[in-house]
Structure formats: C-alpha cells, structure tokens
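S.K.: Please see the structure below; I have some questions.
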Amino acid sequence: MTAEKMEFKTEIKQVLDLVVHSLYSHKEIFLRELISNASDAIDKAHYESLTNKEILEGEKDWKIKITADKDAGVLTISDNGIGLTKDEAIKELGTIAHSGTKEFITALQSKEVKDNPELIGQFGVGFYATFMVADKVTVVSRKSGVGDKKGVKWESAADGSFTVEDVEKEKKGTDIILHLKEEEKKYLDEWEIKSTVKKYSDFIEHPVVMDIEREQESKLDKTQKVKVKEEETLNSRKAIWLKNKSDITDTEYNEFYKHISHDFTEPAKVVHYKAEGASEFTSLLYIPSMRPADIYYKEYKIGPTLYVKRVKIIDHCEELIPPYLRFVKGVVDSSDLPLNVSREILQNNRQIEVIKNSITKKVLGTLSDMKEKEFDKYISFYNEFGRVLKEGVHMDFSRRETIGELLLFPSTKTEKDKYRTIPEYVDNMKEGQEDIYYITGTSLDEALKSPYLEAFKEKDYEVLIMLEDIDDVIMSSFEYKGKKFKSAIKGDVTLDKSEKDEKEKAGKKYKKLLDLINDRLDEVKEVRLSGRLKDSVCCLVGDEGEMDPQMEKLLKSMGQDVPERKRILEINPSHPIFEAMNRIFEEDRKSKVLEDYTDLLYDQALLLEGSKPKDSAAFAKAISKLMVENVQHVKA
Ligand code: ADP
C-alpha cells in the first residue's frame with residue numbers, strides 16, 4: 001500500500017511555520033510535550049481497561065520508552081497507551097485545529113511568547129513542538145485492543161503536507177520518531193535526555209525509561225569489563241500530591257503546576273492538603289497568577305483533575321469546583337470513590353459534594369488570608385481574577401458575604417490605585433446612612449465627575465465605583481450584613497430622612513409645573529424632584545431594578561436588541577433655573593419660554609449622562625439664542 005498525501009489544515013500550517021521559523025530557545029520542551037502526550041495516552045488506556053480487559057493485550061505494565069539511535073540521528077519516544085487509528089491520526093495530527101490554535105498564532109507573534117516557547121503546550125499544540133528539533137517526524141501507531149495488528153504510519157517534514165499509510169504494528173501504542181536536525185543532535189545524548197526528563201517530567205506517574213549502557217565486570221573473566229545495556233527509569237514517578245509538604249520544594253510544586261496547567265508563569269498560591277473524616281482525599285490546588293486567555297469562553301475547561309487511588313479518571317472535573325473559582329487548577333485524589341466512576345455518577349454524588357465544599361472553603365480561606373497578609377499580591381490576583389470571583393456573590397447564596405468581603409473597589413474616597421473593601425466601607429458609613437452606595441461607569445474619571453454624586457459629596461457619603469459590565473447585575477441584588485446596595489444612578493435617592501418630608505412638600509407644591517414638563521416630554525415617563533442633585537439642574541435616572549445604563553450601552557455595543565424604555569427626569573428644586581421656570585409658570589402657563597426651557601432641560605440631562613441631545617442643531621440654536629439675549633444689554 002502506498003502512502004497517501006494530505007494537506008494540513010491552514011491554521012496548522014501557520015503553527016508549523018511559526019514553530020520552525022521563530023522559536024529558538026528552550027527547544028528541549030518538545031520532550032516534555034511528547035512525554036505528556038504519551039502519559040495521557042496511557043491514562044486513557046488504563047481507564048478503559050478498567051471495564052475492558054482486551055485493552056491490555058496481556059500487558060500489565062505501562063511504559064514510556066526513549067530510544068536514541070546516534071548512528072541514524074533518530075530519537076524515538078514510544079508508549080504502550082491507547083494508540084491512534086488511521087482516521088484519528090489524520091484528524092488529531094493534521095486536519096482539525098485544536099482549541100487554542102488561533103490564540104497560539106496570535107500569541108506567537110508577540111515577543112514575550114517567542115522568548116518563552118514553553119507556552120506551546122498551553123495552546124494544545126504540543127505535538128508540533130517536535131518540529132523545533134526535527135526536520136521530519138514519523139508517527140507509527142496502533143489502537144489498543146482492536147484484535148489485529150493494523151496500524152498507521154504518519155509522516156511529515158512540516159512542509160505543508162503529511163502522508164499516511166497502513167502498516168503492521170506488533171505492539172499497541174504509539175512511536176513518535178524524530179529525525180533530528182543536524183544542529184539538534186545533542187538530544188541524543190544520554191545526559192541531555194536524563195536531565196530534561198528530570199527537569200520537566202519527573203512526576204509523570206508512568207515510568208519513562210531508556211536503555212543505558214554501562215560497563216560491567218565480565219562474568220567469564222573478572223579482570224575484563226564488558227558493555228551492557230540496561231533499562232533504567234529516569235523519573236522518580238512519585239505522585240507529588242501524595243508526598244509530605246515538607247519534602248516538596250517550591251521548584252517541584254511550580255514545575256508540577258506548569259505541567260498540569262500549561263501555564264509558563266509561577267502560580268500565585270499553592271493549596272495542598274489532605275482531608276480525613278467524612279471523605280478521604282488529597283488536594284493539590286493552585287491559584288494561578290495570570291488569567292488564561294479563554295477564561296470567559298464557553299470552551300474553557302473547568303475543574304481539577306480527578307484521580308481515584310492514583311488512577312487518573314477525569315482531566316477537568318467541573319463537579320469539583322464552583323464556576324466562580326474556575327481559575328483554580330490542580331489535582332484531587334479520592335480514596336472513597338469507585339474506580340469506575342462515570343460522569344453521571346459524579347453529578348449527584350455525595351462524596352463529590354463533600355470534596356467540592358471543602359475545596360471551596362479552603363480556596364476562599366486562602367484568598368482571604370492573602371488579602372489580610374499579602375495585600376499587594378492579592379491586588380495582582382484580583383486584577384486577573386476578581387471579575388470571575390465576583391460571579392460568586394450572585395451564584396453562591398450561602399457564601400455571598402464571604403465572597404463579598406474579598407471584593408475590591410475604588411471609591412469616591414480612595415486615592416488613585418487604592419481600593420476599598422465592603423467591610424471597610426461599612427465601618428466608615430456616616431451616621432444615619434442606611435445603604436451602601438455605588439456608581440457604575442466606564443472609567444474612573446468619568447464616574448468621579450458624575451453629577452449623580454453631588455448630594456453624596458455634600459453629605460460626605462462614600463460611593464463605591466464599579467467599572468465592570470457585570471457589576472450592576474451582581475451588586476444590585478446583594479445585601480451585606482443587612483445593608484442593601486443602591487445605585488447612585490437609579491431609583492429615588494433620599495440621603496437624609498429629614499429631607500424626605502421637605503421633598504414631598506415641594507413635590508406637592510410644584511406638582512402642576514412638573515406635570516406640564518412631563519406632558520411636553522414624550523421621552524420620559526415621570527418628572528420628579530431630585531434628592532441627588534446639588535449643583536446641576538437636572539438628570540435622567542432609571543427605576544430601581546431596571547437595567548443599568550452602562551449595561552445597556554454595553555449590550556447595544558455588542559449588537560444586542562435592548563428594548564427602549566422611558567426614564568425619569570429628576571429636577572433640582574433649589575436650582576435658580578427651576579425657580580425661574582416656576583415664576584414664569586405662575587404668570588403664564590402657556591409661555592413659549594417655558595416650552596424652550598423644558599426642551600433645554602431634557603437635552604442637558606442627556607448630555608450629563610453622556611448621550612447626545614435629541615436634536616443637536618436645535619439645541620445649539622437654542623443655546624445661541626440665549627447667549628445673544630444675555631448680552632443684548634452690552635452696546636455694540
Ligand atoms: P494536546 O495533547 O494538547 O491535545 P497535541 O498537539 O500535543 O495537543 O496532540 C494532539 C493530539 O494527538 C492529542 O490530543 C492526541 O489525541 C493525539 N496524540 C498525540 N500524541 C499521542 C500519543 N502518544 N498517543 C495517542 N494519541 C496521541
């Protein structure tokens with residue numbers, strides 16, 4: 001049978017081109033990627049063999065073997081794992097783009113990534129790292145447990161295409177054969193291989209072995225030395241999470257993190273503990289220091305890897321962690337779950353619930369500790385993951401206050417780049433202040449200048465500033481220690497109880513004028529006196545419970561249909577303009593000036609909230625007219 005030639009998918013061609021032409025440092029990571037793939041293939045076979053013994057083909061020991069052939073310049077990494085069928089080889093290695101391909105291509109164009117090719121695994125394109133060191137790669141593979149010896153040979157020189165053909169393969173599993181570039185032959189050296197395996201793959205559970213040549217006394221003639229080859233295991237294989245904390249160095253913790261997360265930065269925190277009692281399990285969890293590019297995407301894989309008695313069961317077990325802690329990476333090894341546990345069982349499993357609760361508590365506790373003791377570090381964490389964590393206030397009712405205490409906000413009273421926590425805010429509330437106030441906005445400066453804050457400033461009330469799109473949705477339904485969160489730009493604001501009666505009285509007094517203004521303005525549903533304005537004459541507000549104007553703008557900018565809804569025009573009763581309008585109203589209710597002023601008031605309110613006047617030309621004309629009238633007394 002001759003080989004069939006096929007084209008790589010365009011995106012993979014781009015990846016290969018970048019790998020071959022722009023990555024020059026840390027080339028040794030290709031070995032880490034291949035060992036990691038081999039280990040995954042063995043995990044899959046192991047897992048399947050629990051219910052189907054055929055998979056084993058009579059072989060009990062799992063193994064990853066490295067063979068260096070110096071004469072041929074060929075390095076081979078073999079495993080006895082699950083293997084690939086011909087179709088899978090075509091798809092997995094050439095024609096489907098892996099989830100991170102696009103991001104990888106963009107990232108690779110940046111300098112940071114070029115200097116850190118360790119990143120390559122993060123994007124699920126680890127296999128292609130082989131082309132940093134090899135000018136040709138051959139993959140010979142056979143699926144395990146199929147009953148015949150029909151395998152596949154895949155080959156490529158990274159030149160845009162690959163070939164596949166049917167071959168016989170005696171043993172199940174996969175051989176990755178690298179025809180090393182002339183200048184990369186050092187990867188055939190025993191020392192180079194040993195140290196690379198130690199550095200990156202020491203904790204891989206399956207043995208990574210190599211035939212090592214040694215000199216030995218000859219059995220026939222003890223004065224003579226002979227050379228013998230013996231298989232040696234290069235990795236210590238100890239599941240790091242089962243070791244004692246005191247026996248694990250920071251480097252070991254960090255390397256393991258990089259292995260499971262494919263992140264190249266050091267984690268911000270390690271959470272390693274063993275639980276005994278209601279449920280027996282060990283967790284080794286990490287809080288990363290950098291937000292993965294896809295954390296807000298549906299495709300983002302949530303949850304630590306689940307092991308049962310050291311057997312890897314599920315790569316990302318989302319049942320183990322609430323979505324608002326989805327940045328946490330790690331491993332959970334349970335002693336109680338059955339080995340053949342399936343996704344369905346996981347969904348309503350009491351043990352899993354116990355573990356999830358314990359992890360959630362532990363992670364929130366760790367964050368709280370970090371906030372107390374390492375505030376600067378906590379700020380860095382918060383800048384990366386605060387938005388994700390905040391979802392918890394909305395989603396986890398029983399822990400909403402605990403999560404609320406972890407949030408940070410700028411406020412009208414904090415200095416630049418400083419933050420306020422909710423407990424601090426509550427401690428600093430003014431006498432008579434009942435609610436926690438916040439204002440949403442798109443930038444700190446804009447929010448600080450907002451006319452909606454005038455009364456708060458006068459009363460010296462602090463207002464939290466919320467700049468994230470989800471803030472209003474989350475905070476408007478939150479209550480902390482019995483205190484409600486109220487938006488400064490929504491609902492009726494009365495900061496002082498004594499002012500309340502006065503406002504009601506004034507409301508009655510001016511009712512007819514307010515009604516007249518309301519009748520003229522179709523665009524508003526109500527006109528009322530304001531408790532939030534001091535210098536400005538008017539502003540537009542929504543009802544409490546209505547969508548936040550920031551959220552509305554965001555949704556519109558994303559092309560979503562947002563139903564038009566009428567707003568409330570609030571007027572400052574002590575502003576001279578309003579007083580003047582009232583005088584005119586009392587003289588002549590049908591006055592043209594009153595009509596013009598009403599239109600101008602509404603346009604001003606639109607401008608103050610960052611919108612455009614209804615009719616810009618008419619607005620400009622009206623202003624010009626007023627300006628002219630104002631200077632008519634000045635003689636030419
Ligand atoms: P990732 O491992 O992140 O999915 P890779 O580019 O490293 O991305 O590998 C692509 C795919 O090729 C893997 O998902 C797997 O299906 C397959 N593969 C790679 N190496 C092996 C192997 N040794 N045995 C079986 N399948 C493998």
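To be explicit about the labels: the chains of the structure tokens are called A, B, and onward in the order shown, and within each one the residues are counted from 1, while ligands get numbers from 1 in the order they are shown.
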If you take only C-alpha atoms and all ligand atoms and a cut-off of 6 Å, which residues of chain A touch ligand 1, and what are their nearest atom pairs and distances in Å to one decimal, in chain and number order, as a Markdown table?

M.R.:
```
| residue | atom | partner | partner_atom_place_in_ligand_line | distance |
| --- | --- | --- | --- | --- |
| A:Asn37 | CA | ligand 1 | 20 (N) | 4.6 |
| A:Ala38 | CA | ligand 1 | 23 (N) | 3.9 |
| A:Ala41 | CA | ligand 1 | 24 (N) | 4.7 |
| A:Ile82 | CA | ligand 1 | 25 (C) | 5.9 |
| A:Gly83 | CA | ligand 1 | 25 (C) | 4.5 |
| A:Leu84 | CA | ligand 1 | 25 (C) | 5.4 |
| A:Glu92 | CA | ligand 1 | 12 (O) | 4.7 |
| A:Leu93 | CA | ligand 1 | 12 (O) | 5.4 |
| A:Gly124 | CA | ligand 1 | 3 (O) | 3.2 |
| A:Val125 | CA | ligand 1 | 6 (O) | 3.6 |
| A:Gly126 | CA | ligand 1 | 7 (O) | 3.7 |
| A:Phe127 | CA | ligand 1 | 7 (O) | 3.8 |
| A:Tyr128 | CA | ligand 1 | 6 (O) | 5.9 |
| A:Thr174 | CA | ligand 1 | 23 (N) | 5.2 |
```

S.K.: Could those selected residues go to a file with C-alpha atoms, as a PDB file, in the first residue's frame?

M.R.:
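Below you can see out36.pdb, which holds the result:
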```
ATOM      1  CA  ASN A  37       1.033  13.088  25.342  1.00  0.00           C
ATOM      2  CA  ALA A  38       2.321   9.550  25.917  1.00  0.00           C
ATOM      3  CA  ALA A  41      -2.477   8.036  26.067  1.00  0.00           C
ATOM      4  CA  ILE A  82      -4.337   3.823  23.738  1.00  0.00           C
ATOM      5  CA  GLY A  83      -2.849   4.472  20.270  1.00  0.00           C
ATOM      6  CA  LEU A  84      -4.386   6.147  17.239  1.00  0.00           C
ATOM      7  CA  GLU A  92      -5.682  14.761  15.503  1.00  0.00           C
ATOM      8  CA  LEU A  93      -2.324  15.429  13.905  1.00  0.00           C
ATOM      9  CA  GLY A 124      -2.925  22.309  22.861  1.00  0.00           C
ATOM     10  CA  VAL A 125      -0.460  22.203  20.014  1.00  0.00           C
ATOM     11  CA  GLY A 126       2.352  20.451  21.888  1.00  0.00           C
ATOM     12  CA  PHE A 127       2.946  17.775  19.299  1.00  0.00           C
ATOM     13  CA  TYR A 128       4.123  20.365  16.784  1.00  0.00           C
ATOM     14  CA  THR A 174       2.485   4.904  19.606  1.00  0.00           C
TER      15      THR A 174
END
```

S.K.: Residues at most 10 Å from A:Asp496, counting only C-alpha atoms, excluding those fewer than 6 positions away in the same chain, as a list in words?

M.R.: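 Close residues of A:Asp496: Gly432, Gln433, Glu434, Lys459 and Gly531 of chain A.
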
S.K.: Using only C-alpha atoms, find the one residue out of A:Val20, A:Thr412, A:Asp294, A:Leu75 that sits nearest to A:Lys449.

M.R.: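 Checking each of A:Val20, A:Thr412, A:Asp294, A:Leu75 against A:Lys449, counting only C-alpha atoms, the winner is A:Thr412.
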
S.K.: With distances taken over only C-alpha atoms, which residue among A:Lys361, A:Lys390, A:Lys153, A:His259 lies nearest A:Met475?

M.R.: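 Of all the options, A:Lys390 lies closest to A:Met475.
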
S.K.: Could you please determine the separation between atom CA of A:Leu453 and atom CA of A:Phe478 in Å, to one decimal place?

M.R.: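 Atom CA of A:Phe478 lies at a distance of 21.0 Å from atom CA of A:Leu453.
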
S.K.: So that I can check the secondary structure, give me every residue of stretch 81-239 of chain A assigned strand (DSSP E) by backbone DSSP, as number ranges by chain.

M.R.: A: 134-142, 150-156, 161-168, 173-180, 208-217, 225-233

S.K.: Among stretch 231-414 of chain A, which residues carry a DSSP assignment of helix (DSSP H, G or I), reported as number ranges by chain?

M.R.: A: 240-242, 245-247, 250-261, 318-320, 323-325, 343-347, 350-373, 375-395, 397-404

S.K.: One decimal, in Å: what's the spacing between atom CA of A:Ser36 and atom CA of A:Ala239?

M.R.: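 Atom CA of A:Ser36 sits 14.6 Å away from atom CA of A:Ala239.
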